[in-house]
Amino acid sequence: MRKFAIKPLISVGEIKFGMDRSSVREILGDYSEYRNRPEDVNTADSFDICQVFYSESDGVEFIMFHELDDIELRWGNQALNNMTKDELVSFFTLLDDNLSIEADMVSFESNKLGVACYFVKDIDFDEDDNEIEFEKVETISFAIKDFWT
């Protein structure tokens, strides 16, 4: 399991914000390059566990982790990817009283901390085959200061 220590607005594991694309590729390995949206100025890289988005000058601006079962994202002593939606919201609300929470609670962002989470509804079944709907953490992202402004 790959572990990443989060230093808000500074780094995610060995990847530092502003680091050049070639260094990120050396750290994370196999990738595919793609354009996220037609209007994007630069391309992004997709790796097995995350996607990395770059500035015009190829410096890291944003990292979105999507394979949360295969990694550990540590914010101090807290393993973020082991937390539920409610635990994540509570944790980050304590750190940023201006946490931007979507009206229907599908995501939140913190420019102050450079973190965002996206949630999706999922379905599971109990031992009697009754359908249980729950919300799960889909992605956890980290960015440079004021990325979402």
# chains A, B, ... in the order shown; residues from 1 in each chain; ligands from 1
call {"tool": "residues_around", "arguments": {"residues": "Pro8 of chain A", "least_positions_apart": "5", "cutoff": "9 Å", "atoms": "only C-alpha atoms", "output": "PyMOL selection string"}}
result
chain A and resi 75+112-115+142-145
call {"tool": "write_last_selection", "arguments": {"atoms": "N, CA, C and O atoms", "output": "CSV table (one decimal), in the first residue's frame"}}
result
chain,number,residue,atom,x,y,z
A,75,TRP,N,-3.2,12.9,7.0
A,75,TRP,CA,-3.2,14.3,7.4
A,75,TRP,C,-2.9,14.3,8.9
A,75,TRP,O,-3.7,14.1,9.7
A,112,LYS,N,-8.5,27.4,1.9
A,112,LYS,CA,-7.6,27.6,3.0
A,112,LYS,C,-6.6,26.4,3.2
A,112,LYS,O,-5.4,26.6,3.4
A,113,LEU,N,-7.2,25.2,3.1
A,113,LEU,CA,-6.4,24.0,3.3
A,113,LEU,C,-6.0,23.3,2.0
A,113,LEU,O,-5.1,22.4,2.1
A,114,GLY,N,-6.5,23.7,0.9
A,114,GLY,CA,-6.2,23.0,-0.4
A,114,GLY,C,-6.7,21.6,-0.4
A,114,GLY,O,-6.0,20.7,-0.9
A,115,VAL,N,-7.9,21.4,0.0
A,115,VAL,CA,-8.4,20.0,0.0
A,115,VAL,C,-9.9,20.0,-0.5
A,115,VAL,O,-10.6,21.0,-0.2
A,142,PHE,N,-6.2,17.4,-3.5
A,142,PHE,CA,-5.3,18.4,-2.9
A,142,PHE,C,-4.9,19.4,-3.9
A,142,PHE,O,-4.6,19.0,-5.1
A,143,ALA,N,-4.7,20.6,-3.5
A,143,ALA,CA,-4.4,21.7,-4.5
A,143,ALA,C,-3.6,22.8,-3.9
A,143,ALA,O,-3.4,22.9,-2.7
A,144,ILE,N,-3.1,23.7,-4.8
A,144,ILE,CA,-2.4,24.9,-4.4
A,144,ILE,C,-3.4,25.8,-3.7
A,144,ILE,O,-4.6,25.7,-3.9
A,145,LYS,N,-2.9,26.8,-3.0
A,145,LYS,CA,-3.7,27.8,-2.4
A,145,LYS,C,-4.6,28.5,-3.4
A,145,LYS,O,-4.2,28.8,-4.4
call {"tool": "residues_around", "arguments": {"residues": "Gln78 of chain A", "least_positions_apart": "3", "cutoff": "12 Å", "atoms": "only C-alpha atoms", "output": "ChimeraX atom specification"}}
result
/A:4-6,72-75,81-83,87-88,91-92
call {"tool": "write_last_selection", "arguments": {"atoms": "C-alpha atoms", "output": "CSV table (one decimal), in the first residue's frame"}}
result
chain,number,residue,atom,x,y,z
A,4,PHE,CA,1.1,9.8,1.2
A,5,ALA,CA,1.7,12.3,4.1
A,6,ILE,CA,-0.2,15.5,3.3
A,72,GLU,CA,-3.2,5.8,2.6
A,73,LEU,CA,-3.6,9.6,2.7
A,74,ARG,CA,-2.4,10.8,6.1
A,75,TRP,CA,-3.2,14.3,7.4
A,81,ASN,CA,-9.4,7.6,3.2
A,82,ASN,CA,-10.5,5.5,6.2
A,83,MET,CA,-13.0,8.2,7.2
A,87,GLU,CA,-16.2,12.2,9.7
A,88,LEU,CA,-14.4,14.1,6.8
A,91,PHE,CA,-12.7,17.0,10.6
A,92,PHE,CA,-12.3,19.7,8.0
call {"tool": "closest_atom_pairs", "arguments": {"of": "segment 26-74 of chain A", "to": "segment 116-121 of chain A", "cutoff": "10 Å", "atoms": "only C-alpha atoms", "output": "JSON lines"}}
result
{"residue": "A:Met64", "atom": "CA", "partner": "A:Ala116", "partner_atom": "CA", "distance": 8.8}
{"residue": "A:Phe65", "atom": "CA", "partner": "A:Cys117", "partner_atom": "CA", "distance": 9.6}
{"residue": "A:His66", "atom": "CA", "partner": "A:Tyr118", "partner_atom": "CA", "distance": 9.8}
call {"tool": "atom_distance", "arguments": {"atom1": "atom CA of Thr43 of chain A", "atom2": "atom CA of Trp148 of chain A"}}
result
18.3 Å
call {"tool": "select_by_dssp", "arguments": {"residues": "chain A", "states": "alpha helix (DSSP H)", "output": "MDAnalysis selection string"}}
result
chainID A and resid 21:28 85:95
call {"tool": "write_last_selection", "arguments": {"atoms": "N, CA and C atoms", "output": "compact mmCIF listing (two decimals), in the first residue's frame"}}
result
# COMPACT_ATOMS: atom_id res chain seq x y z
N ARG A 21 6.37 18.16 -14.28
CA ARG A 21 5.67 16.96 -14.75
C ARG A 21 6.58 15.73 -14.82
N SER A 22 7.80 15.89 -15.33
CA SER A 22 8.69 14.73 -15.48
C SER A 22 9.04 14.13 -14.13
N SER A 23 9.19 14.95 -13.10
CA SER A 23 9.49 14.44 -11.75
C SER A 23 8.30 13.67 -11.19
N VAL A 24 7.09 14.18 -11.43
CA VAL A 24 5.88 13.49 -10.97
C VAL A 24 5.78 12.12 -11.64
N ARG A 25 6.06 12.07 -12.92
CA ARG A 25 6.00 10.80 -13.65
C ARG A 25 7.01 9.80 -13.12
N GLU A 26 8.17 10.25 -12.72
CA GLU A 26 9.18 9.36 -12.14
C GLU A 26 8.68 8.78 -10.83
N ILE A 27 8.00 9.58 -10.03
CA ILE A 27 7.51 9.14 -8.72
C ILE A 27 6.32 8.19 -8.87
N LEU A 28 5.36 8.53 -9.73
CA LEU A 28 4.11 7.77 -9.80
C LEU A 28 4.08 6.67 -10.85
N LYS A 85 -17.96 9.97 5.15
CA LYS A 85 -18.31 11.31 4.68
C LYS A 85 -18.51 12.25 5.86
N ASP A 86 -19.31 11.85 6.83
CA ASP A 86 -19.59 12.71 7.99
C ASP A 86 -18.33 13.00 8.79
N GLU A 87 -17.47 12.02 8.94
CA GLU A 87 -16.21 12.23 9.66
C GLU A 87 -15.31 13.23 8.93
N LEU A 88 -15.25 13.11 7.60
CA LEU A 88 -14.43 14.05 6.82
C LEU A 88 -14.96 15.48 6.94
N VAL A 89 -16.27 15.64 6.81
CA VAL A 89 -16.86 16.97 6.91
C VAL A 89 -16.59 17.56 8.29
N SER A 90 -16.78 16.78 9.35
CA SER A 90 -16.53 17.26 10.71
C SER A 90 -15.06 17.62 10.91
N PHE A 91 -14.18 16.76 10.45
CA PHE A 91 -12.73 16.97 10.59
C PHE A 91 -12.30 18.28 9.93
N PHE A 92 -12.72 18.48 8.68
CA PHE A 92 -12.28 19.66 7.95
C PHE A 92 -13.03 20.93 8.37
N THR A 93 -14.24 20.80 8.90
CA THR A 93 -14.95 21.96 9.41
C THR A 93 -14.23 22.53 10.63
N LEU A 94 -13.62 21.66 11.43
CA LEU A 94 -12.84 22.12 12.58
C LEU A 94 -11.60 22.91 12.15
N LEU A 95 -11.05 22.57 10.98
CA LEU A 95 -9.83 23.21 10.48
C LEU A 95 -10.10 24.45 9.63
call {"tool": "atom_distance", "arguments": {"atom1": "atom CA of Asp45 of chain A", "atom2": "atom CA of Asn77 of chain A"}}
result
28.9 Å
call {"tool": "select_by_dssp", "arguments": {"residues": "segment 70-120 of chain A", "states": "strand (DSSP E)", "output": "PDB file with N, CA, C and O atoms, in the first residue's frame"}}
result
ATOM      1  N   ILE A  71      -4.411   3.028  -1.212  1.00  0.00           N
ATOM      2  CA  ILE A  71      -3.451   4.007  -0.708  1.00  0.00           C
ATOM      3  C   ILE A  71      -3.816   4.414   0.718  1.00  0.00           C
ATOM      4  O   ILE A  71      -4.865   4.034   1.226  1.00  0.00           O
ATOM      5  N   GLU A  72      -2.921   5.171   1.313  1.00  0.00           N
ATOM      6  CA  GLU A  72      -3.220   5.792   2.599  1.00  0.00           C
ATOM      7  C   GLU A  72      -2.846   7.260   2.484  1.00  0.00           C
ATOM      8  O   GLU A  72      -1.711   7.600   2.151  1.00  0.00           O
ATOM      9  N   LEU A  73      -3.814   8.121   2.732  1.00  0.00           N
ATOM     10  CA  LEU A  73      -3.616   9.571   2.711  1.00  0.00           C
ATOM     11  C   LEU A  73      -3.643  10.051   4.153  1.00  0.00           C
ATOM     12  O   LEU A  73      -4.686  10.045   4.791  1.00  0.00           O
ATOM     13  N   ARG A  74      -2.484  10.442   4.685  1.00  0.00           N
ATOM     14  CA  ARG A  74      -2.368  10.832   6.091  1.00  0.00           C
ATOM     15  C   ARG A  74      -2.275  12.335   6.259  1.00  0.00           C
ATOM     16  O   ARG A  74      -1.403  12.975   5.709  1.00  0.00           O
ATOM     17  N   TRP A  75      -3.208  12.893   7.013  1.00  0.00           N
ATOM     18  CA  TRP A  75      -3.222  14.301   7.390  1.00  0.00           C
ATOM     19  C   TRP A  75      -2.868  14.312   8.871  1.00  0.00           C
ATOM     20  O   TRP A  75      -3.718  14.070   9.717  1.00  0.00           O
ATOM     21  N   GLN A  78      -4.226  11.385  11.099  1.00  0.00           N
ATOM     22  CA  GLN A  78      -5.521  10.928  10.579  1.00  0.00           C
ATOM     23  C   GLN A  78      -5.389  10.332   9.179  1.00  0.00           C
ATOM     24  O   GLN A  78      -4.872  10.987   8.272  1.00  0.00           O
ATOM     25  N   ALA A  79      -5.856   9.102   8.991  1.00  0.00           N
ATOM     26  CA  ALA A  79      -5.912   8.479   7.660  1.00  0.00           C
ATOM     27  C   ALA A  79      -7.228   8.897   7.021  1.00  0.00           C
ATOM     28  O   ALA A  79      -8.294   8.389   7.370  1.00  0.00           O
ATOM     29  N   SER A 100     -16.411  25.221   2.101  1.00  0.00           N
ATOM     30  CA  SER A 100     -17.454  25.385   1.092  1.00  0.00           C
ATOM     31  C   SER A 100     -18.115  24.029   0.839  1.00  0.00           C
ATOM     32  O   SER A 100     -17.507  23.145   0.235  1.00  0.00           O
ATOM     33  N   ILE A 101     -19.356  23.889   1.319  1.00  0.00           N
ATOM     34  CA  ILE A 101     -20.072  22.621   1.202  1.00  0.00           C
ATOM     35  C   ILE A 101     -21.194  22.785   0.185  1.00  0.00           C
ATOM     36  O   ILE A 101     -21.978  23.726   0.270  1.00  0.00           O
ATOM     37  N   SER A 107     -20.182  17.333  -2.179  1.00  0.00           N
ATOM     38  CA  SER A 107     -18.755  17.649  -2.137  1.00  0.00           C
ATOM     39  C   SER A 107     -18.495  18.816  -1.194  1.00  0.00           C
ATOM     40  O   SER A 107     -19.412  19.518  -0.782  1.00  0.00           O
ATOM     41  N   PHE A 108     -17.216  18.985  -0.858  1.00  0.00           N
ATOM     42  CA  PHE A 108     -16.791  20.188  -0.150  1.00  0.00           C
ATOM     43  C   PHE A 108     -15.399  20.564  -0.625  1.00  0.00           C
ATOM     44  O   PHE A 108     -14.664  19.740  -1.161  1.00  0.00           O
ATOM     45  N   GLU A 109     -15.068  21.849  -0.434  1.00  0.00           N
ATOM     46  CA  GLU A 109     -13.761  22.378  -0.815  1.00  0.00           C
ATOM     47  C   GLU A 109     -13.282  23.327   0.262  1.00  0.00           C
ATOM     48  O   GLU A 109     -14.082  24.017   0.890  1.00  0.00           O
ATOM     49  N   SER A 110     -11.968  23.367   0.435  1.00  0.00           N
ATOM     50  CA  SER A 110     -11.358  24.336   1.327  1.00  0.00           C
ATOM     51  C   SER A 110     -10.177  24.983   0.616  1.00  0.00           C
ATOM     52  O   SER A 110      -9.153  24.329   0.393  1.00  0.00           O
ATOM     53  N   VAL A 115      -7.902  21.353   0.043  1.00  0.00           N
ATOM     54  CA  VAL A 115      -8.445  19.996   0.024  1.00  0.00           C
ATOM     55  C   VAL A 115      -9.892  20.032  -0.464  1.00  0.00           C
ATOM     56  O   VAL A 115     -10.607  21.008  -0.246  1.00  0.00           O
ATOM     57  N   ALA A 116     -10.288  18.960  -1.143  1.00  0.00           N
ATOM     58  CA  ALA A 116     -11.674  18.794  -1.585  1.00  0.00           C
ATOM     59  C   ALA A 116     -12.024  17.315  -1.547  1.00  0.00           C
ATOM     60  O   ALA A 116     -11.162  16.454  -1.748  1.00  0.00           O
ATOM     61  N   CYS A 117     -13.294  17.030  -1.291  1.00  0.00           N
ATOM     62  CA  CYS A 117     -13.787  15.648  -1.314  1.00  0.00           C
ATOM     63  C   CYS A 117     -15.080  15.608  -2.108  1.00  0.00           C
ATOM     64  O   CYS A 117     -15.885  16.536  -2.050  1.00  0.00           O
ATOM     65  N   TYR A 118     -15.275  14.514  -2.825  1.00  0.00           N
ATOM     66  CA  TYR A 118     -16.481  14.298  -3.606  1.00  0.00           C
ATOM     67  C   TYR A 118     -17.090  12.981  -3.158  1.00  0.00           C
ATOM     68  O   TYR A 118     -16.382  11.976  -2.978  1.00  0.00           O
ATOM     69  N   PHE A 119     -18.408  12.953  -2.986  1.00  0.00           N
ATOM     70  CA  PHE A 119     -19.112  11.782  -2.488  1.00  0.00           C
ATOM     71  C   PHE A 119     -20.138  11.297  -3.504  1.00  0.00           C
ATOM     72  O   PHE A 119     -20.696  12.099  -4.246  1.00  0.00           O
ATOM     73  N   VAL A 120     -20.374   9.994  -3.518  1.00  0.00           N
ATOM     74  CA  VAL A 120     -21.404   9.416  -4.380  1.00  0.00           C
ATOM     75  C   VAL A 120     -22.285   8.479  -3.552  1.00  0.00           C
ATOM     76  O   VAL A 120     -21.863   7.957  -2.527  1.00  0.00           O
TER      77      VAL A 120
END
call {"tool": "atom_distance", "arguments": {"atom1": "atom CA of Phe53 of chain A", "atom2": "atom CA of Asn98 of chain A"}}
result
24.7 Å
call {"tool": "residues_around", "arguments": {"residues": "Glu33 of chain A", "least_positions_apart": "5", "cutoff": "10 Å", "atoms": "only C-alpha atoms", "output": "PyMOL selection string"}}
result
chain A and resi 43-47+51-52
call {"tool": "closest_residue", "arguments": {"among": "A:Ile63, A:Ile123, A:Tyr31, A:Leu99", "to": "Gly13 of chain A", "atoms": "only C-alpha atoms"}}
result
A:Ile63
call {"tool": "closest_residue", "arguments": {"among": "A:Phe17, A:Asn111, A:Ile140, A:Asp122", "to": "Val60 of chain A", "atoms": "only C-alpha atoms"}}
result
A:Phe17
